[in-house]
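Data block for target_26.cif (mmCIF, C-alpha atoms):
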```cif
data_upload
#
loop_
_atom_site.label_atom_id
_atom_site.label_comp_id
_atom_site.auth_asym_id
_atom_site.auth_seq_id
_atom_site.Cartn_x
_atom_site.Cartn_y
_atom_site.Cartn_z
CA MET A 172 25.06 -13.93 20.89
CA ILE A 173 22.31 -16.50 20.41
CA LEU A 174 24.63 -19.51 20.54
CA GLN A 175 28.23 -19.63 21.64
CA LEU A 176 30.45 -22.72 21.74
CA SER A 177 33.93 -22.21 23.11
CA GLN A 178 36.65 -24.83 22.76
CA VAL A 179 34.09 -27.62 22.91
CA ALA A 180 35.02 -31.30 22.85
CA CYS A 181 32.52 -34.13 22.52
CA THR A 182 32.81 -37.80 23.43
CA ARG A 183 30.31 -40.51 22.62
CA GLY A 184 30.68 -43.94 24.16
CA GLY A 185 34.15 -43.09 25.45
CA ARG A 186 35.39 -42.06 21.98
CA LEU A 187 36.53 -38.48 21.35
CA LEU A 188 34.64 -37.23 18.28
CA PHE A 189 35.97 -33.70 17.98
CA ALA A 190 37.77 -31.15 20.16
CA GLY A 191 38.64 -27.48 20.22
CA LEU A 192 35.54 -26.36 18.36
CA SER A 193 34.50 -22.74 18.76
CA LEU A 194 31.50 -21.14 17.14
CA ALA A 195 29.42 -18.04 17.69
CA LEU A 196 26.06 -17.31 16.11
CA GLY A 197 24.45 -13.89 16.42
CA PRO A 198 21.12 -12.64 15.04
CA GLY A 199 20.87 -13.52 11.36
CA GLY A 200 23.81 -15.90 11.63
CA ALA A 201 24.03 -19.38 10.21
CA ALA A 202 26.54 -22.19 10.44
CA LEU A 203 26.67 -25.23 8.20
CA VAL A 204 28.10 -28.39 9.73
CA THR A 205 29.46 -30.83 7.17
CA GLY A 206 31.54 -33.95 7.25
CA PRO A 207 31.33 -37.66 6.55
CA ASN A 208 28.94 -40.00 8.38
CA GLY A 209 29.72 -40.61 12.02
CA ILE A 210 31.96 -37.58 12.43
CA GLY A 211 29.66 -36.09 15.07
CA LYS A 212 27.31 -33.72 13.23
CA SER A 213 24.24 -34.85 15.16
CA SER A 214 26.22 -34.92 18.41
CA LEU A 215 27.27 -31.31 17.83
CA LEU A 216 23.63 -30.32 17.40
CA ARG A 217 22.57 -32.23 20.51
CA LEU A 218 25.41 -30.52 22.35
CA ALA A 219 24.22 -27.12 21.17
CA ALA A 220 20.68 -28.05 22.23
CA GLY A 221 21.90 -28.94 25.71
CA LEU A 222 20.82 -32.57 25.40
CA ILE A 223 24.35 -33.82 26.05
CA ALA A 224 27.04 -32.12 28.09
CA PRO A 225 30.34 -31.17 26.45
CA PHE A 226 33.31 -33.25 27.50
CA GLU A 227 35.33 -30.04 27.56
CA GLY A 228 34.60 -26.39 26.90
CA HIS A 229 31.48 -24.36 27.32
CA VAL A 230 28.12 -23.99 25.56
CA ALA A 231 26.05 -20.84 26.06
CA ARG A 232 22.61 -20.10 24.63
CA SER A 233 20.32 -17.14 25.03
CA GLY A 234 16.66 -17.63 24.39
CA ARG A 235 14.69 -20.66 23.39
CA VAL A 236 15.73 -23.40 20.99
CA ALA A 237 13.87 -25.32 18.31
CA LEU A 238 15.36 -28.68 17.42
CA MET A 239 14.64 -30.64 14.26
CA ALA A 240 16.24 -34.01 14.84
CA GLU A 241 15.77 -37.14 12.77
CA ASP A 242 13.02 -38.30 15.16
CA LEU A 243 9.41 -37.41 14.50
CA ALA A 244 8.26 -37.05 18.14
CA LEU A 245 4.63 -36.56 17.11
CA ASP A 246 1.77 -38.74 18.38
CA LEU A 247 1.04 -41.02 15.42
CA ASP A 248 -2.64 -41.56 16.22
CA ARG A 249 -3.49 -37.87 16.50
CA ARG A 250 -4.44 -35.44 13.76
CA LEU A 251 -1.44 -33.51 12.48
CA ILE A 252 -2.76 -30.21 13.77
CA ASP A 253 -3.40 -31.61 17.26
CA ALA A 254 0.01 -33.29 17.43
CA LEU A 255 1.71 -30.02 16.49
CA SER A 256 -0.52 -27.94 18.77
CA PHE A 257 0.63 -30.03 21.74
CA TRP A 258 4.19 -28.79 21.24
CA ALA A 259 3.09 -25.27 20.38
CA LYS A 260 1.23 -25.11 23.70
CA LEU A 261 4.35 -26.26 25.55
CA ASP A 262 6.28 -23.54 23.74
CA GLY A 263 3.99 -21.16 25.54
CA GLY A 264 2.57 -17.89 24.49
CA ASP A 265 -0.97 -17.55 23.33
CA GLN A 266 -2.31 -18.27 19.86
CA ALA A 267 -0.66 -21.68 19.77
CA SER A 268 -3.18 -22.93 17.24
CA ALA A 269 -2.77 -19.84 15.08
CA ARG A 270 1.00 -20.36 15.04
CA VAL A 271 0.52 -24.00 14.06
CA ALA A 272 -1.92 -23.12 11.28
CA THR A 273 0.53 -20.57 9.87
CA ALA A 274 3.41 -23.03 10.10
CA LEU A 275 1.39 -25.76 8.37
CA ALA A 276 0.54 -23.40 5.53
CA GLU A 277 4.18 -22.43 5.23
CA VAL A 278 5.42 -26.01 4.87
CA GLY A 279 2.59 -26.85 2.47
CA LEU A 280 0.67 -29.23 4.74
CA ALA A 281 -2.40 -27.07 5.36
CA ALA A 282 -4.59 -29.50 3.43
CA LEU A 283 -3.44 -32.41 5.62
CA ALA A 284 -4.07 -30.75 9.00
CA GLU A 285 -6.89 -33.18 9.84
CA VAL A 286 -5.02 -36.32 8.73
CA PRO A 287 -3.56 -38.62 11.42
CA VAL A 288 0.22 -38.35 11.61
CA ARG A 289 0.69 -42.07 10.96
CA LEU A 290 -0.69 -41.69 7.41
CA LEU A 291 1.90 -39.08 6.40
CA SER A 292 4.70 -40.01 4.01
CA THR A 293 8.41 -39.64 4.81
CA GLY A 294 8.66 -36.24 3.16
CA GLN A 295 5.45 -35.04 4.74
CA ARG A 296 6.74 -36.09 8.16
CA ARG A 297 9.89 -34.04 7.55
CA ARG A 298 7.72 -31.09 6.64
CA ALA A 299 5.70 -31.65 9.81
CA THR A 300 8.84 -31.52 11.99
CA LEU A 301 9.83 -28.32 10.19
CA ALA A 302 6.37 -26.95 10.98
CA ARG A 303 7.03 -27.65 14.66
CA VAL A 304 10.26 -25.63 14.42
CA LEU A 305 8.41 -22.77 12.72
CA ALA A 306 5.60 -22.79 15.29
CA ALA A 307 8.08 -22.79 18.18
CA ASP A 308 8.95 -19.18 17.42
CA ALA A 309 12.44 -19.68 18.90
CA PRO A 310 15.46 -17.54 17.99
CA LEU A 311 17.80 -20.52 17.56
CA TRP A 312 17.07 -23.31 15.09
CA LEU A 313 19.06 -26.53 15.25
CA LEU A 314 18.36 -28.53 12.10
CA ASP A 315 19.76 -32.03 11.68
CA GLU A 316 19.64 -33.15 8.04
CA PRO A 317 16.52 -31.06 7.41
CA GLY A 318 16.53 -31.80 3.68
CA ASN A 319 16.36 -35.60 4.09
CA GLY A 320 13.34 -37.01 2.30
CA LEU A 321 12.26 -33.65 0.90
CA ASP A 322 11.55 -33.20 -2.80
CA ALA A 323 13.00 -30.28 -4.81
CA ALA A 324 10.06 -28.05 -3.92
CA GLY A 325 10.46 -29.03 -0.29
CA VAL A 326 14.15 -28.11 -0.29
CA ALA A 327 13.33 -24.73 -1.83
CA MET A 328 10.65 -24.19 0.82
CA LEU A 329 13.18 -25.11 3.54
CA GLU A 330 15.75 -22.66 2.16
CA GLN A 331 13.14 -19.90 2.07
CA ALA A 332 12.02 -20.64 5.63
CA ILE A 333 15.62 -20.45 6.85
CA ALA A 334 16.22 -17.21 4.96
CA ARG A 335 13.07 -15.65 6.48
CA HIS A 336 14.07 -16.80 9.96
CA ARG A 337 17.52 -15.22 9.57
CA ALA A 338 16.09 -12.04 8.12
CA GLY A 339 13.89 -11.85 11.22
CA GLY A 340 16.93 -11.95 13.51
CA GLY A 341 17.10 -15.70 14.13
CA ALA A 342 20.12 -17.97 13.96
CA VAL A 343 20.49 -21.42 12.41
CA LEU A 344 22.91 -24.25 13.07
CA LEU A 345 22.42 -26.82 10.36
CA ALA A 346 24.02 -30.19 9.79
CA THR A 347 23.72 -31.82 6.40
CA HIS A 348 25.52 -33.72 3.70
CA GLN A 349 23.26 -32.27 1.00
CA THR A 350 23.86 -29.02 -0.83
CA LEU A 351 21.58 -26.36 0.60
CA ALA A 352 21.67 -22.70 -0.31
CA LEU A 353 22.64 -20.89 2.89
CA PRO A 354 24.11 -17.56 1.80
CA GLY A 355 26.81 -16.31 4.13
CA ALA A 356 26.74 -19.38 6.34
CA GLU A 357 29.87 -20.08 8.34
CA PRO A 358 31.22 -23.53 7.43
CA VAL A 359 31.95 -25.86 10.35
CA LEU A 360 34.33 -28.51 9.10
CA LEU A 361 34.26 -31.17 11.78
CA ALA A 362 36.86 -33.23 9.91
CA GLU A 363 39.45 -30.62 10.86
CA ARG A 364 38.54 -30.91 14.52
CA VAL A 365 39.06 -34.65 14.85
CA PRO A 366 41.98 -35.29 17.18
CA ALA A 367 44.83 -37.21 15.64
CA MET B 1173 0.03 -24.24 34.63
CA THR B 1174 -1.09 -24.57 31.02
CA ILE B 1175 2.04 -26.64 30.41
CA ILE B 1176 1.12 -29.10 33.17
CA GLY B 1177 -2.48 -29.19 31.92
CA THR B 1178 -1.29 -29.89 28.36
CA LEU B 1179 0.98 -32.71 29.55
CA ILE B 1180 -1.69 -34.31 31.76
CA ALA B 1181 -4.29 -34.09 29.00
CA ARG B 1182 -1.96 -35.91 26.61
CA ASP B 1183 -1.10 -38.64 29.13
CA VAL B 1184 -4.73 -39.25 30.10
CA ARG B 1185 -5.78 -39.31 26.47
CA ARG B 1186 -3.05 -41.81 25.66
CA GLY B 1187 -4.11 -43.90 28.65
CA TYR B 1188 -7.69 -44.20 27.46
CA ALA B 1189 -6.91 -44.23 23.71
CA GLY B 1190 -6.92 -47.54 21.91
CA GLY B 1191 -8.84 -49.23 24.74
CA GLY B 1192 -5.87 -49.08 27.12
CA ALA B 1193 -7.97 -48.50 30.23
CA GLY B 1194 -10.52 -51.10 29.14
CA LEU B 1195 -7.72 -53.60 28.66
CA VAL B 1196 -6.47 -53.04 32.21
CA SER B 1197 -9.89 -53.39 33.84
CA GLY B 1198 -10.75 -56.35 31.60
CA PHE B 1199 -7.55 -58.11 32.58
CA PHE B 1200 -8.19 -57.27 36.24
CA LEU B 1201 -11.67 -58.81 36.11
CA LEU B 1202 -10.39 -61.91 34.33
CA ALA B 1203 -7.68 -62.39 36.94
CA VAL B 1204 -10.24 -61.98 39.72
CA ILE B 1205 -12.61 -64.49 38.12
CA LEU B 1206 -9.86 -67.12 38.14
CA PHE B 1207 -9.98 -67.33 41.96
CA PRO B 1208 -13.55 -68.70 42.32
CA PHE B 1209 -12.81 -71.17 39.52
CA ALA B 1210 -9.64 -72.35 41.23
CA ILE B 1211 -10.96 -72.42 44.80
CA GLY B 1212 -14.52 -73.55 44.26
CA PRO B 1213 -17.92 -72.10 45.17
CA ASP B 1214 -17.39 -71.88 48.93
CA ARG B 1215 -19.08 -68.57 49.76
CA ALA B 1216 -17.52 -68.07 53.19
CA MET B 1217 -14.06 -68.84 51.88
CA LEU B 1218 -14.50 -66.53 48.86
CA ALA B 1219 -15.70 -63.67 51.07
CA ARG B 1220 -12.65 -64.15 53.30
CA ILE B 1221 -10.07 -64.10 50.48
CA GLY B 1222 -11.94 -61.51 48.35
CA ALA B 1223 -9.97 -58.44 49.35
CA GLY B 1224 -6.65 -60.21 48.94
CA ALA B 1225 -7.59 -61.61 45.55
CA ILE B 1226 -8.68 -58.17 44.34
CA TRP B 1227 -5.33 -56.72 45.39
CA VAL B 1228 -3.34 -59.49 43.68
CA ALA B 1229 -5.33 -58.92 40.50
CA ALA B 1230 -4.81 -55.14 40.76
CA LEU B 1231 -1.06 -55.68 41.05
CA LEU B 1232 -1.01 -57.91 37.98
CA ALA B 1233 -3.17 -55.46 36.04
CA ALA B 1234 -0.77 -52.64 36.95
CA LEU B 1235 1.90 -54.49 34.97
CA LEU B 1236 0.00 -54.36 31.68
CA PRO B 1237 0.51 -50.71 30.70
CA VAL B 1238 4.14 -50.50 31.89
CA GLU B 1239 5.68 -50.99 28.47
CA ARG B 1240 3.76 -48.20 26.78
CA LEU B 1241 4.15 -45.62 29.55
CA VAL B 1242 7.66 -44.36 28.77
CA ALA B 1243 9.39 -46.48 26.11
CA PRO B 1244 7.47 -45.18 23.04
CA ASP B 1245 8.35 -41.60 23.97
CA CYS B 1246 12.01 -42.52 24.42
CA GLU B 1247 12.08 -44.08 20.96
CA SER B 1248 10.25 -41.27 19.19
CA GLY B 1249 12.53 -38.52 20.50
CA TRP B 1250 9.68 -37.04 22.54
CA PHE B 1251 11.87 -36.55 25.60
CA ASP B 1252 14.47 -34.71 23.49
CA GLN B 1253 11.82 -32.21 22.45
CA VAL B 1254 10.73 -31.85 26.08
CA ALA B 1255 14.33 -31.29 27.21
CA VAL B 1256 14.97 -28.72 24.48
CA ARG B 1257 12.01 -26.74 25.82
CA GLY B 1258 13.72 -26.58 29.19
CA LEU B 1259 11.03 -28.51 31.06
CA SER B 1260 12.19 -30.28 34.18
CA LEU B 1261 12.26 -34.01 33.58
CA PRO B 1262 11.21 -34.99 37.15
CA LEU B 1263 8.24 -32.66 36.79
CA VAL B 1264 7.32 -34.29 33.47
CA MET B 1265 7.57 -37.73 35.08
CA GLY B 1266 5.51 -36.58 38.07
CA VAL B 1267 2.85 -35.34 35.69
CA ARG B 1268 3.01 -38.64 33.85
CA ILE B 1269 2.36 -40.50 37.11
CA MET B 1270 -0.67 -38.32 37.70
CA GLY B 1271 -1.90 -38.85 34.13
CA HIS B 1272 -1.38 -42.59 34.38
CA TRP B 1273 -3.23 -42.70 37.71
CA LEU B 1274 -6.18 -40.88 36.17
CA ALA B 1275 -6.33 -43.42 33.35
CA PHE B 1276 -5.61 -46.46 35.53
CA ALA B 1277 -7.31 -46.06 38.92
CA PRO B 1278 -10.91 -45.03 38.07
CA PRO B 1279 -11.57 -47.96 35.68
CA LEU B 1280 -9.85 -50.34 38.12
CA MET B 1281 -11.92 -49.13 41.07
CA LEU B 1282 -15.09 -49.48 39.01
CA ALA B 1283 -14.10 -53.01 38.04
CA ALA B 1284 -13.37 -53.73 41.72
CA LEU B 1285 -17.07 -53.07 42.45
CA LEU B 1286 -17.95 -55.95 40.14
CA ALA B 1287 -15.21 -58.11 41.62
CA ALA B 1288 -16.51 -57.45 45.14
CA GLY B 1289 -19.93 -58.68 44.05
CA LEU B 1290 -18.33 -61.79 42.62
CA PHE B 1291 -16.75 -62.62 45.99
CA GLY B 1292 -19.86 -61.67 47.93
CA LEU B 1293 -18.07 -59.01 49.97
CA ASP B 1294 -20.39 -57.11 52.33
CA GLY B 1295 -20.70 -53.33 52.30
CA ALA B 1296 -18.08 -52.66 54.95
CA ALA B 1297 -15.51 -54.90 53.24
CA LEU B 1298 -16.25 -53.23 49.91
CA VAL B 1299 -15.63 -49.78 51.40
CA ARG B 1300 -12.34 -51.03 52.87
CA VAL B 1301 -11.21 -52.44 49.52
CA GLU B 1302 -12.15 -49.31 47.59
CA ALA B 1303 -10.53 -47.01 50.17
CA GLY B 1304 -7.42 -49.17 50.05
CA LEU B 1305 -7.34 -48.99 46.24
CA LEU B 1306 -7.80 -45.21 46.38
CA LEU B 1307 -4.77 -44.92 48.68
CA GLY B 1308 -2.67 -47.60 47.00
CA THR B 1309 -3.19 -46.93 43.30
CA PRO B 1310 -1.11 -43.70 43.27
CA GLY B 1311 1.80 -45.79 44.52
CA LEU B 1312 1.12 -48.45 41.89
CA ALA B 1313 0.94 -45.79 39.17
CA ALA B 1314 4.25 -44.29 40.34
CA LEU B 1315 5.87 -47.73 40.35
CA ALA B 1316 4.55 -48.45 36.87
CA VAL B 1317 6.01 -45.22 35.47
CA ALA B 1318 9.35 -45.77 37.24
CA THR B 1319 9.51 -49.37 35.99
CA GLY B 1320 8.53 -48.26 32.50
CA ALA B 1321 11.39 -45.74 32.52
CA LEU B 1322 13.91 -48.23 33.93
CA THR B 1323 13.09 -50.81 31.26
CA ALA B 1324 12.67 -48.30 28.41
CA GLY B 1325 16.06 -49.07 26.92
CA LEU B 1326 15.59 -52.84 27.01
CA ARG B 1327 14.16 -54.99 24.26
CA GLY B 1328 11.26 -57.23 25.26
CA ALA B 1329 11.12 -55.69 28.70
CA GLY B 1330 7.79 -57.26 29.68
CA GLY B 1331 9.27 -59.97 31.87
CA VAL B 1332 11.89 -57.72 33.41
CA ALA B 1333 9.22 -55.15 34.25
CA GLY B 1334 7.34 -57.79 36.25
CA LEU B 1335 10.48 -58.82 38.10
CA LEU B 1336 11.11 -55.19 39.02
CA LEU B 1337 7.60 -54.00 39.83
CA LEU B 1338 6.08 -56.88 41.76
CA PRO B 1339 8.64 -57.08 44.61
CA LEU B 1340 8.57 -53.31 45.04
CA ALA B 1341 4.76 -53.39 45.16
CA LEU B 1342 4.73 -55.94 47.99
CA PRO B 1343 4.30 -53.35 50.79
CA LEU B 1344 1.25 -51.97 48.98
CA LEU B 1345 -0.19 -55.48 48.74
CA ILE B 1346 0.52 -56.29 52.39
CA PHE B 1347 -1.02 -53.13 53.82
CA GLY B 1348 -3.74 -52.85 51.18
CA ALA B 1349 -5.09 -56.36 51.63
CA GLY B 1350 -4.24 -56.47 55.31
CA GLY B 1351 -7.53 -56.40 57.14
CA GLY B 1352 -8.25 -52.75 56.49
CA ASP B 1353 -7.78 -51.46 60.03
CA MET B 1354 -6.67 -47.85 60.42
CA GLY B 1355 -3.02 -48.75 61.09
CA ALA B 1356 -2.71 -50.73 57.86
CA MET B 1357 -4.42 -47.92 55.94
CA LYS B 1358 -1.97 -45.35 57.30
CA LEU B 1359 0.99 -47.54 56.38
CA LEU B 1360 -0.51 -48.11 52.93
CA ALA B 1361 -0.84 -44.35 52.46
CA ALA B 1362 2.74 -43.87 53.67
CA CYS B 1363 4.10 -46.45 51.19
CA SER B 1364 2.08 -44.89 48.41
CA LEU B 1365 3.33 -41.42 49.28
CA LEU B 1366 6.93 -42.60 49.38
CA LEU B 1367 6.61 -44.15 45.93
CA VAL B 1368 4.89 -41.09 44.48
CA ALA B 1369 7.56 -38.81 45.94
CA GLY B 1370 10.54 -40.88 44.83
CA SER B 1371 9.50 -42.25 41.46
CA PRO B 1372 9.67 -39.00 39.42
CA TRP B 1373 13.37 -38.61 40.25
CA LEU B 1374 14.12 -42.25 39.57
CA ALA B 1375 12.17 -42.23 36.30
CA ALA B 1376 13.83 -38.98 35.19
CA ALA B 1377 17.30 -40.37 35.87
CA ALA B 1378 16.44 -43.55 33.96
CA VAL B 1379 15.14 -41.60 30.95
CA ARG B 1380 18.25 -39.41 30.99
CA SER B 1381 20.51 -42.46 30.90
CA VAL B 1382 18.56 -43.96 27.99
CA ARG B 1383 18.79 -40.70 26.05
CA ASP B 1384 22.54 -40.30 26.42
#
```

Would it be possible to restate this file's structure as structure tokens?
Amino acid sequence: MILQLSQVACTRGGRLLFAGLSLALGPGGAALVTGPNGIGKSSLLRLAAGLIAPFEGHVARSGRVALMAEDLALDLDRRLIDALSFWAKLDGGDQASARVATALAEVGLAALAEVPVRLLSTGQRRRATLARVLAADAPLWLLDEPGNGLDAAGVAMLEQAIARHRAGGGAVLLATHQTLALPGAEPVLLAERVPA
Amino acid sequence: MTIIGTLIARDVRRGYAGGGAGLVSGFFLLAVILFPFAIGPDRAMLARIGAGAIWVAALLAALLPVERLVAPDCESGWFDQVAVRGLSLPLVMGVRIMGHWLAFAPPLMLAALLAAGLFGLDGAALVRVEAGLLLGTPGLAALAVATGALTAGLRGAGGVAGLLLLPLALPLLIFGAGGGDMGAMKLLAACSLLLVAGSPWLAAAAVRSVRD
């Protein structure tokens, strides 16, 4: 198993968001978290990433994790390729710059590699954070509203990237309120897990 | 090792980028220049207070970069990405202290040369001041990072940062400006070491509480 949540409960600011949630993702697996605003989609992803501790239950991961949150977390004054290379170097392995170059080409930003991050548009910034996920080369992807700000071509590119990742034995946990094509994804309906 | 190198390189680059280091040494020199204006051109008096004035100015200059040491990375989700990669937060904060010291101390010590000339310090006094700064600035850098982390979640933290940092930096000031005999130097080094050893844990805990 790449990610396993067993009977997990999550509280934020003393309020119980959801409880009794179990989920297992193996190689090639995907889970789609849906639900209205504020139900705890992002919190579930942060829980799976290990950024917050579960109030109850147990979270187990094997292997590295790539997180695409709503934050950019790239140095605005640096060139896009340098900002991404910083994270690729922290991800370890050699050929960090080669991985970044491939990822940039995949998300369609190869022509903007030399442009400072602060000049990128909203959609381009989303693509850049997706490039960081691609370059991380991690088995588990945690994507929080990955389609936000992307145009139709961008959404298609995202769906293809996810499909390739799963075909290569990776797993994806994705939270969104958009319609994304994720064939065979396990639905996670948080609304059913809200305690009465 | 490459990870630590990558982190230090980023922190040092950010320290010098946008004239950050120049701003600190410029502010330091301006603060130092105020003393002769306020006290008057009494050479003997200026030479006597020189070391103390340089230390007071260094303390004030250490406050300047506090707000951009940790807070921007908290806001941009940088620490989330670091945590997801399984890097130890105290280690990251320790590296940040080192990176900040590299961007803060060398320009300050260079500017102190000019300041020493301004006060007419003799060679021996200059060596004492520079040696004191070399020993004390790691402690100041550690305090700045810890203060930056503690105030990262606050809006308009500039004033609060001063209230936090300056009292904690008092031992550095006392032993750094204090005559420069060997005993004071050893105590200065001890204070500095204590701050460098403790601040990464404090800063990491503060960042964790902001992130939650």

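In this model, the gap between CA of Ala1376 (chain B) and CA of Ala240 (chain A) comes to 21.1 Å.
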
Q) If you count only C-alpha atoms, which residues fall within 8 Å of region 1296-1299 of chain B, apart from same-chain ones fewer than 4 positions away, as a ChimeraX atom specification? A) /B:1223,1285,1288,1303

Test item: chain B residues at most 6 Å from chain A, counting only C-alpha atoms, as a PDB file with C-alpha atoms, in the frame of the given file:
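Just written: result_39.pdb:
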```pdb
ATOM      1  CA  ILE B1175       2.040 -26.640  30.410  1.00  0.00           C
ATOM      2  CA  SER B1248      10.250 -41.270  19.190  1.00  0.00           C
ATOM      3  CA  GLY B1249      12.530 -38.520  20.500  1.00  0.00           C
ATOM      4  CA  TRP B1250       9.680 -37.040  22.540  1.00  0.00           C
TER       5      TRP B1250
END
```

(Q) Quick one: residues within 7 Å of region 1204-1214 of chain B, only C-alpha atoms, excluding same-chain residues fewer than 6 positions away - as a PyMOL selection string? (A) chain B and resi 1225-1226+1229+1287

Q: List the residues sitting within 12 Å of (45.6, -30.0, 15.8) in the file's frame, using all atoms listed in the file, as a list in words.
A: Phe189, Ala190, Gly191, Leu192, Ala362, Glu363, Arg364, Val365, Pro366 and Ala367 of chain A

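Near region 1231-1234 of chain B, within a cut-off of 8 Å and counting only C-alpha atoms, sit the residues Val1196, Ser1197, Phe1199, Phe1200, Trp1227, Val1228, Pro1237, Val1238, Phe1276, Leu1312, Ala1313, Ala1316, Leu1338, Ala1341 and Leu1345 of chain B, with same-chain residues fewer than 3 positions away left out.
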
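Residues in contact with Gly341 (chain A) at up to 8 Å, not including ones fewer than 3 positions away on its chain and judged by all atoms listed in the file, are Gly197, Pro198, Gly199, Gly200, Ala309, Pro310, Leu311, Trp312, His336, Arg337 and Ala338 of chain A.
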
Output the selection as an mmCIF file, in the coordinates of the input - C-alpha atoms for each residue.
```
data_model
loop_
_atom_site.group_PDB
_atom_site.id
_atom_site.type_symbol
_atom_site.label_atom_id
_atom_site.label_comp_id
_atom_site.auth_asym_id
_atom_site.auth_seq_id
_atom_site.Cartn_x
_atom_site.Cartn_y
_atom_site.Cartn_z
ATOM 1 C CA GLY A 197 24.450 -13.890 16.420
ATOM 2 C CA PRO A 198 21.120 -12.640 15.040
ATOM 3 C CA GLY A 199 20.870 -13.520 11.360
ATOM 4 C CA GLY A 200 23.810 -15.900 11.630
ATOM 5 C CA ALA A 309 12.440 -19.680 18.900
ATOM 6 C CA PRO A 310 15.460 -17.540 17.990
ATOM 7 C CA LEU A 311 17.800 -20.520 17.560
ATOM 8 C CA TRP A 312 17.070 -23.310 15.090
ATOM 9 C CA HIS A 336 14.070 -16.800 9.960
ATOM 10 C CA ARG A 337 17.520 -15.220 9.570
ATOM 11 C CA ALA A 338 16.090 -12.040 8.120
#
```

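For the choices A:Met328, A:Ala231, A:Leu218, A:Ala259, the atom-to-atom distance to Gly279 (chain A) is smallest for A:Met328 when using all atoms listed in the file.
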
(Q) as an NGL selection string, please: the residues near Glu330 (chain A) (cut-off 8 Å, all atoms listed in the file, same-chain neighbours under 4 positions excluded). (A) :A and (326 or 334 or 351-353)

Q. On this structure, which residues satisfy the PyMOL selection byres ((chain A and resi 272-275) around 8), written as an MDAnalysis selection string?
A. chainID A and resid 252 268:271 276:281 284 299 302:303 305:306

**Q.** Selection under test: the PyMOL selection byres ((chain A and resi 318) around 10); residues as number ranges by chain
**A.** A: 294, 297-298, 301, 314-317, 319-323, 325-327, 329-330, 346-351
